[in-house]
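These notes are about the structure you will find just below.
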Amino acid sequence: MNRPTRRPGGRSADVRRRVLDAVVAQLVDHGYDALSIDTVAAGCGVHRTTVYRRWRDVGGLLADVLAEAAADDWRPPDTGTLDGDLAALNREVFAALTGDPPITTALIAASFRSTRAAEALRAFWADRYDRCAVIVARAAGRSEIPAGTDARRLLVAATAPLYHELVLLRAGPDAGLADRTAADTAVAARAGAFAATVVSPDEHHGDDRR
């Protein structure tokens, strides 16, 4: 995981680490409504003025937690097949959404309460989808799926059911969900469900000429 440039003695990085750890702990243990500059400062032993000067408010704290999460060297799995790659990816998502402590779901919930957190979460997911586009490119290169398959659409189709079941519906953990969803998406992709299509002007306006 990439770290910010350290000042002599690493004090800046140490303060950031302590503050962000306190943000996550406070959010998971007590929820968004209990999260504040004061509770974070008290929880990490950093002076309130220092926390306020750098992060300003709860939104800034949450945005930095997500920014740090995005600044890692994570890469999607490479199993040699589309089915395997999607299944491995979904298992990682499943583990994050069912983890204890529930850090991922706590951050998702907080994003509905904070504009800055929501923006940071969107940026985080955009980055993850960009990194995962190679899964689709590799599959197309192996002729598993049509050339020109829309990577974002395919990846959303593969992962979205996990968020729907585990976050929105709060269904109990289903160990087979990740693999089933991955397999369904791979079948659809091979059938061309996510292939980019271009509608010609004649096709689009055919009825208008009558």
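Letters for chains follow the order of the structure tokens (A, B, ...), residue numbers begin at 1 for each chain, and ligand numbers begin at 1 in the order shown.
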
Within 10 Å of A:Glu92, counting only C-alpha atoms, which residues show up once you throw out same-chain ones fewer than 6 positions away? Write them as a list of chain:residue names, please.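 My list of contacting residues is A:Pro76, A:Pro77, A:Leu86, A:Ala178.
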
*Residue neighbourhood A:Ala118, 10 Å, only C-alpha atoms, exclusion window fewer than 2 positions, as a ChimeraX atom specification*: /A:59,62-63,66,107-116,120-124

- [ ] Skip stretch 137-145 of chain A itself and residues of its chain fewer than 3 positions away, then list as an MDAnalysis selection string all residues within 9 Å of it, counting only C-alpha atoms.
- [x] chainID A and resid 78 80:82 133:134 148:149 151 186 189:192 195

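Remark: for A:Ala126, the closest of the candidate residues A:Leu155, A:Ala25, A:Ile37, A:Val187 is A:Leu155 (distances computed over only C-alpha atoms).
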
Next on the checklist: According to DSSP computed on the backbone, where in stretch 54-194 of chain A is there helix (DSSP H, G or I)? Give the residues as a PyMOL selection string.
Outcome noted: chain A and resi 54-55+58-70+82-97+103-111+115-141+151-168+177-190
